[in-house]
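Below: one structure, written as structure tokens.
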Amino acid sequence: MRKTASSASPAPPRGASPAPSRGRIEPVIRAARPGDLPAVAALDARNTGEAKPAYWRDLHRRVLRRPKERWFLVAEAEGRFLGFAIGEIRAWEFGSPPCGWVFAIGVDPGARLRNVGSRLVDAVAERFRGAGIKHLRTMLRRDDNLNLSFFRSQGMMAGPFIQLEKVIE
Amino acid sequence: MRLNKATLFALYAVLELAEDRDRQIAAGDIAAKYGISLNHLAKVLRDLGRAGLVEAARGVGGGYRFVGNPKRVTLMDVIEIFEDIGAGKAAGDGQGPDTHLGQALHGVLAEIEDIARATLRSVTIETLLKHARSEPAAPAAAAADD
């Protein structure tokens, strides 16, 4: 299974004092173009510590092949790249009716907590809805508190499936 | 995972106060609303005050208000003020895990506790309040002796 990439919103452990007040951003959300991929790869490398430009190029090609089931979106404001999200409709995995998966999201650290991640998730959800999908799903590392908190803040809760794995070396 | 009474009272108080941060609420009002001991709640509120999450206002019309950042403070942050539910605190911890089967059983219990902790760490006060606002309130549970 694919791993949700990058970070959408920071959530330090304890905060008695309010976060610095920075303005909300109203980003433009559009389909990613090949010219966006270096920025996507750089942001992902910055957020995850692992550079994988070939993965992002290949993923973009695969999204373009099934435009009614997959969306690779980017957020920008005043021409500046701020983040990306990728969604895909998957169906009938262990009996699951068609469902919209968000399996990658990343927001520029300087633009976090400013509505960019929320707008990206909303935009992916809108496309899923347009395709008749009623549920949004994602998978995160248990210790990825940053993204867990972000998706929780979007109203997501534990779903009906449990992820299992084992070492098969 | 079972939370201590004090922890549960603290979560009730924090959520109640954070729901309207401009409003001051008397400890007695919170105790009455949740049907909990005022003395116990008062002690819990003192601890929350020391942790910088609530502030007391004295005098007529005095009460408590939430002064933390609801977008940053998680359920786990509140819980950790009152009890340690960190790794290694699985149910029955220290009770017979030194056997092969005991270790296997405790591995499963630890998995459950890990998921519970990850959940509590990822839910902020704001997220929980948002969730409560979006869900219609369920009817109150019938009394146990009904």
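Residue numbering restarts at 1 for every chain of the structure tokens, chains are lettered A, B, ... in their displayed order, and ligands are numbered from 1 as they appear.
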Identify all chain B residues at most 6 Å from chain A by counting only C-alpha atoms; ligands do not count. Present them as number ranges by chain.
B: 68-69, 72-73, 118, 122, 127
What are the DSSP helix (DSSP H, G or I) residues of range 13-125 of chain B, as a ChimeraX atom specification?
/B:13-19,27-34,38-50,75-82,100-122,125
Shell of 12 Å around range 118-129 of chain A, only C-alpha atoms, local chain residues under 5 positions omitted, as number ranges by chain
A: 8-9, 24-31, 67-76, 82-90, 98-107, 111-113, 134-138, 147, 150-156
In Å, rounded to a single decimal, give me how far CA of Thr74 in chain B is from CA of Leu45 in chain B.
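Computing the Euclidean distance for CA of Leu45 in chain B and CA of Thr74 in chain B yields 17.0 Å.
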One decimal, in Å: what's the spacing between CA of Gly52 in chain B and CA of Lys130 in chain B?
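Atom-to-atom, CA of Gly52 in chain B and CA of Lys130 in chain B are spaced 22.5 Å apart.
One finds CA of Asp58 in chain A at 13.6 Å from CA of Gly35 in chain A.
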So that I can check the secondary structure, give me every residue of range 13-166 of chain A assigned strand (DSSP E or B) by backbone DSSP, as a VMD selection string.
chain A and resid 28 to 31 70 to 77 80 to 90 99 to 107 136 to 137
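Here the question is which of B:Val108, B:Leu41, B:Ala116, B:Ala56 gets nearest to Ala6 in chain B using only C-alpha atoms, and that residue is B:Leu41.
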Non-local contacts of Lys52 in chain A (12 Å; only C-alpha atoms; under 5 positions in same chain excluded) as a list in words:
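Here the answer would be Ala5, Leu37, Pro38, Ala39, Val40, Ala41, Ala42, Leu43, Asp44, Ala45, Arg46, Asn47, Arg57, Asp58 and Leu59 of chain A.
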Skipping near chain neighbours, those fewer than 5 positions away, what residues fall within 10 Å of Val14 in chain B using only C-alpha atoms, listed as a list in words?
Leu8, Phe9, Glu19, Leu45, Leu48, Leu53, Val54, Tyr64, Arg65, Phe66, Val67, Gly68, Pro70, Leu75, Val78 and Ile125 of chain B
Give me, as number ranges by chain, all polymer residues having an atom no more than 10 Å from Ile25 in chain B, counting only C-alpha atoms and skipping those fewer than 3 positions away in the same chain.
B: 13, 16-17, 20-22, 28-30, 56-57, 61-66
